[in-house]
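Student: What follows is start_22.pdb; its format and atoms are PDB, C-alpha atoms, pLDDT in the B column.
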```pdb
ATOM      1  CA  MET A 282       0.000   0.000   0.000  1.00 51.00           C
ATOM      2  CA  ARG A 283       1.578   3.202  -1.150  1.00 56.00           C
ATOM      3  CA  GLY A 284      -0.945   5.375   0.676  1.00 55.00           C
ATOM      4  CA  LYS A 285      -2.849   6.404  -2.439  1.00 70.00           C
ATOM      5  CA  ASN A 286      -6.191   5.812  -0.747  1.00 75.00           C
ATOM      6  CA  THR A 287      -6.235   6.761   2.914  1.00 85.00           C
ATOM      7  CA  THR A 288      -9.723   5.342   3.531  1.00 87.00           C
ATOM      8  CA  LEU A 289      -8.670   1.914   2.261  1.00 87.00           C
ATOM      9  CA  LYS A 290      -5.429   2.089   4.223  1.00 88.00           C
ATOM     10  CA  GLN A 291      -7.280   2.988   7.441  1.00 91.00           C
ATOM     11  CA  LYS A 292      -9.742   0.120   7.029  1.00 90.00           C
ATOM     12  CA  LEU A 293      -6.922  -2.344   6.366  1.00 90.00           C
ATOM     13  CA  GLU A 294      -5.013  -1.125   9.411  1.00 90.00           C
ATOM     14  CA  SER A 295      -8.102  -1.375  11.645  1.00 92.00           C
ATOM     15  CA  THR A 296      -8.873  -4.959  10.584  1.00 93.00           C
ATOM     16  CA  LEU A 297      -7.028  -7.974  11.946  1.00 94.00           C
ATOM     17  CA  THR A 298      -4.919  -9.575   9.229  1.00 93.00           C
ATOM     18  CA  SER A 299      -6.386 -12.920  10.298  1.00 93.00           C
ATOM     19  CA  ASP A 300      -9.805 -11.570   9.220  1.00 94.00           C
ATOM     20  CA  ILE A 301      -8.621 -10.766   5.691  1.00 96.00           C
ATOM     21  CA  ALA A 302      -8.304 -13.267   2.865  1.00 97.00           C
ATOM     22  CA  VAL A 303      -7.052 -12.707  -0.670  1.00 98.00           C
ATOM     23  CA  CYS A 304      -8.062 -15.158  -3.360  1.00 98.00           C
ATOM     24  CA  SER A 305      -5.741 -16.638  -5.947  1.00 97.00           C
ATOM     25  CA  ILE A 306      -7.518 -14.792  -8.788  1.00 98.00           C
ATOM     26  CA  VAL A 307      -6.894 -11.387  -7.190  1.00 97.00           C
ATOM     27  CA  LYS A 308      -3.274 -12.357  -6.584  1.00 97.00           C
ATOM     28  CA  ALA A 309      -2.910 -13.359 -10.239  1.00 97.00           C
ATOM     29  CA  GLU A 310      -4.234  -9.977 -11.364  1.00 96.00           C
ATOM     30  CA  LEU A 311      -1.915  -8.149  -8.960  1.00 96.00           C
ATOM     31  CA  PHE A 312       1.105 -10.177 -10.076  1.00 96.00           C
ATOM     32  CA  TYR A 313       0.229  -9.488 -13.711  1.00 97.00           C
ATOM     33  CA  GLY A 314       0.208  -5.751 -12.970  1.00 96.00           C
ATOM     34  CA  ALA A 315       3.534  -5.977 -11.152  1.00 97.00           C
ATOM     35  CA  ILE A 316       5.151  -7.901 -14.002  1.00 97.00           C
ATOM     36  CA  LYS A 317       3.987  -5.275 -16.499  1.00 98.00           C
ATOM     37  CA  SER A 318       5.228  -2.410 -14.319  1.00 97.00           C
ATOM     38  CA  ALA A 319       8.373  -0.353 -14.856  1.00 98.00           C
ATOM     39  CA  ASN A 320      10.088  -2.201 -11.987  1.00 97.00           C
ATOM     40  CA  PRO A 321       8.675  -5.744 -11.956  1.00 98.00           C
ATOM     41  CA  GLU A 322      11.249  -7.341  -9.646  1.00 98.00           C
ATOM     42  CA  ARG A 323      10.772  -4.736  -6.924  1.00 98.00           C
ATOM     43  CA  ASN A 324       6.985  -4.657  -7.259  1.00 97.00           C
ATOM     44  CA  LEU A 325       6.672  -8.450  -7.179  1.00 97.00           C
ATOM     45  CA  THR A 326       8.756  -8.572  -4.005  1.00 97.00           C
ATOM     46  CA  LEU A 327       6.656  -5.852  -2.351  1.00 96.00           C
ATOM     47  CA  GLN A 328       3.417  -7.553  -3.355  1.00 96.00           C
ATOM     48  CA  GLN A 329       4.525 -10.943  -2.116  1.00 96.00           C
ATOM     49  CA  GLU A 330       5.547  -9.437   1.235  1.00 96.00           C
ATOM     50  CA  PHE A 331       2.227  -7.590   1.541  1.00 94.00           C
ATOM     51  CA  LEU A 332       0.049 -10.546   0.499  1.00 96.00           C
ATOM     52  CA  ALA A 333       1.909 -13.052   2.703  1.00 97.00           C
ATOM     53  CA  GLN A 334       0.239 -11.622   5.816  1.00 96.00           C
ATOM     54  CA  PHE A 335      -3.260 -12.636   4.655  1.00 96.00           C
ATOM     55  CA  ILE A 336      -5.098 -15.944   4.295  1.00 96.00           C
ATOM     56  CA  SER A 337      -4.895 -17.220   0.718  1.00 97.00           C
ATOM     57  CA  LEU A 338      -8.060 -18.698  -0.813  1.00 98.00           C
ATOM     58  CA  PRO A 339      -7.903 -20.997  -3.857  1.00 98.00           C
ATOM     59  CA  PHE A 340     -10.439 -21.511  -6.615  1.00 98.00           C
ATOM     60  CA  ASP A 341     -11.455 -24.976  -5.383  1.00 98.00           C
ATOM     61  CA  ASP A 342     -14.202 -27.446  -6.352  1.00 99.00           C
ATOM     62  CA  LEU A 343     -16.882 -25.710  -4.266  1.00 99.00           C
ATOM     63  CA  ALA A 344     -15.979 -22.369  -5.853  1.00 99.00           C
ATOM     64  CA  ALA A 345     -16.121 -24.035  -9.284  1.00 99.00           C
ATOM     65  CA  MET A 346     -19.647 -25.279  -8.607  1.00 99.00           C
ATOM     66  CA  THR A 347     -20.654 -21.854  -7.289  1.00 99.00           C
ATOM     67  CA  PHE A 348     -19.134 -20.301 -10.428  1.00 99.00           C
ATOM     68  CA  GLY A 349     -21.387 -22.473 -12.595  1.00 99.00           C
ATOM     69  CA  THR A 350     -24.470 -21.496 -10.609  1.00 98.00           C
ATOM     70  CA  ILE A 351     -23.711 -17.761 -10.717  1.00 99.00           C
ATOM     71  CA  ARG A 352     -22.829 -17.808 -14.402  1.00 98.00           C
ATOM     72  CA  SER A 353     -26.048 -19.631 -15.245  1.00 98.00           C
ATOM     73  CA  GLN A 354     -28.157 -17.200 -13.196  1.00 98.00           C
ATOM     74  CA  LEU A 355     -26.527 -14.140 -14.741  1.00 98.00           C
ATOM     75  CA  GLU A 356     -26.835 -15.586 -18.243  1.00 98.00           C
ATOM     76  CA  ILE A 357     -30.580 -16.125 -17.755  1.00 98.00           C
ATOM     77  CA  LEU A 358     -30.909 -12.512 -16.576  1.00 97.00           C
ATOM     78  CA  GLY A 359     -28.778 -11.220 -19.454  1.00 97.00           C
ATOM     79  CA  THR A 360     -26.381  -9.565 -17.001  1.00 97.00           C
ATOM     80  CA  PRO A 361     -23.071 -11.459 -17.281  1.00 96.00           C
ATOM     81  CA  ILE A 362     -19.868 -10.374 -15.581  1.00 97.00           C
ATOM     82  CA  GLY A 363     -16.250 -11.007 -16.554  1.00 96.00           C
ATOM     83  CA  ALA A 364     -14.716 -14.428 -15.960  1.00 97.00           C
ATOM     84  CA  TYR A 365     -12.197 -13.221 -13.367  1.00 97.00           C
ATOM     85  CA  ASP A 366     -14.862 -11.329 -11.428  1.00 98.00           C
ATOM     86  CA  LEU A 367     -17.084 -14.391 -11.627  1.00 98.00           C
ATOM     87  CA  GLN A 368     -14.308 -16.520 -10.101  1.00 99.00           C
ATOM     88  CA  ILE A 369     -13.706 -13.949  -7.358  1.00 99.00           C
ATOM     89  CA  ALA A 370     -17.432 -13.808  -6.544  1.00 99.00           C
ATOM     90  CA  ALA A 371     -17.627 -17.610  -6.484  1.00 99.00           C
ATOM     91  CA  ILE A 372     -14.727 -17.854  -4.042  1.00 99.00           C
ATOM     92  CA  ALA A 373     -16.301 -15.246  -1.739  1.00 99.00           C
ATOM     93  CA  LEU A 374     -19.743 -16.887  -1.851  1.00 98.00           C
ATOM     94  CA  SER A 375     -18.466 -20.432  -1.378  1.00 98.00           C
ATOM     95  CA  ASN A 376     -16.535 -19.291   1.710  1.00 98.00           C
ATOM     96  CA  ASN A 377     -19.419 -17.165   3.095  1.00 98.00           C
ATOM     97  CA  LEU A 378     -17.275 -14.027   2.982  1.00 98.00           C
ATOM     98  CA  THR A 379     -17.887 -10.360   2.310  1.00 98.00           C
ATOM     99  CA  LEU A 380     -16.119  -9.222  -0.848  1.00 98.00           C
ATOM    100  CA  ILE A 381     -14.173  -5.983  -0.513  1.00 96.00           C
ATOM    101  CA  THR A 382     -14.078  -4.255  -3.896  1.00 95.00           C
ATOM    102  CA  HIS A 383     -14.291  -0.879  -5.574  1.00 92.00           C
ATOM    103  CA  ASN A 384     -15.999  -2.607  -8.518  1.00 92.00           C
ATOM    104  CA  THR A 385     -19.400  -2.708  -6.843  1.00 94.00           C
ATOM    105  CA  ARG A 386     -21.333  -2.189 -10.081  1.00 94.00           C
ATOM    106  CA  GLU A 387     -20.219  -5.514 -11.519  1.00 93.00           C
ATOM    107  CA  PHE A 388     -20.476  -7.544  -8.311  1.00 98.00           C
ATOM    108  CA  GLN A 389     -23.930  -6.204  -7.344  1.00 97.00           C
ATOM    109  CA  ARG A 390     -25.349  -8.445 -10.071  1.00 97.00           C
ATOM    110  CA  VAL A 391     -24.452 -11.567  -8.069  1.00 98.00           C
ATOM    111  CA  ASN A 392     -27.289 -12.765  -5.801  1.00 97.00           C
ATOM    112  CA  ASN A 393     -26.486 -13.124  -2.096  1.00 97.00           C
ATOM    113  CA  LEU A 394     -22.944 -11.746  -2.484  1.00 98.00           C
ATOM    114  CA  LEU A 395     -22.097  -9.369   0.348  1.00 98.00           C
ATOM    115  CA  ILE A 396     -19.902  -6.524  -0.881  1.00 97.00           C
ATOM    116  CA  GLU A 397     -18.229  -3.503   0.690  1.00 96.00           C
ATOM    117  CA  ASP A 398     -16.245  -0.704  -0.914  1.00 95.00           C
ATOM    118  CA  TRP A 399     -13.375   0.283   1.361  1.00 92.00           C
ATOM    119  CA  GLU A 400     -12.221   3.017  -1.018  1.00 90.00           C
ATOM    120  CA  ILE A 401     -15.121   5.319  -0.150  1.00 85.00           C
ATOM    121  CA  ASP A 402     -15.819   7.014   3.162  1.00 71.00           C
ATOM    122  CA  SER A 403     -18.661   5.339   5.019  1.00 59.00           C
TER     123      SER A 403
END
```
Can the structure in the file be given as structure tokens, please?
Tutor:
Amino acid sequence: MRGKNTTLKQKLESTLTSDIAVCSIVKAELFYGAIKSANPERNLTLQQEFLAQFISLPFDDLAAMTFGTIRSQLEILGTPIGAYDLQIAAIALSNNLTLITHNTREFQRVNNLLIEDWEIDS
């Protein structure tokens, strides 16, 4: 965290690291960004150090089944979301977790998914 968003930083600092989980899909997207950056080696190291303090959640069989259910529901409604976001939502739902995201517009389409935006003042 480089301090770009003080609200997000404050919420992270006021939450126990044991209460925060980061899924493998989010990590993949973050690593992709670091690799494309001007200083990939440094940014990968910083990201790995930062992410190591949190629980890591995989895209497992239960998440895969949840993915299929969500995708089917959204397809019927004509309101699909991107594949990565669908995987992230499935992981959160299958683990009964609240998803922290600034992309609330996309994730609001998913039934029963609890979401919070930590980048805005509450």
Student: Please compute the atom CA of A:Thr298-atom CA of A:Arg390 distance, one decimal, in Å.
Tutor: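 Interatomic distance here is 28.1 Å.
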Student: Skip A:Gln328 itself and residues of its chain fewer than 3 positions away, then list as a VMD selection string all residues within 10 Å of it, counting only C-alpha atoms.
Tutor: chain A and resid 282 308 311 to 312 315 323 to 325 331 to 333
Student: On this structure, which residues satisfy the PyMOL selection byres ((chain A and resi 341-356) around 12), written as a ChimeraX atom specification?
Tutor: /A:304-306,337-340,357-377,387-394
Student: Taking only C-alpha atoms into account, which of A:Ile301, A:Trp399, A:Thr326, A:Val307 comes nearest A:Asn286?
Tutor: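 Of A:Ile301, A:Trp399, A:Thr326, A:Val307, the one nearest A:Asn286, counting only C-alpha atoms, is A:Trp399.
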Student: Can you measure atom CA of A:Val303 to atom CA of A:Leu395 for me? One decimal in Å is fine.
Tutor: 15.4 Å
Student: Go through A:Ile401, A:Ile316, A:Ala309, A:Ile336 and flag the residue nearest A:Leu297, using only C-alpha atoms for the distances.
Tutor: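 Answer, going by the shortest atom-to-atom distance: A:Ile336.
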Student: Hey, can you check how far atom CA of A:Asp398 sits from atom CA of A:Lys317?
Tutor: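 Those two atoms sit 25.9 Å apart.
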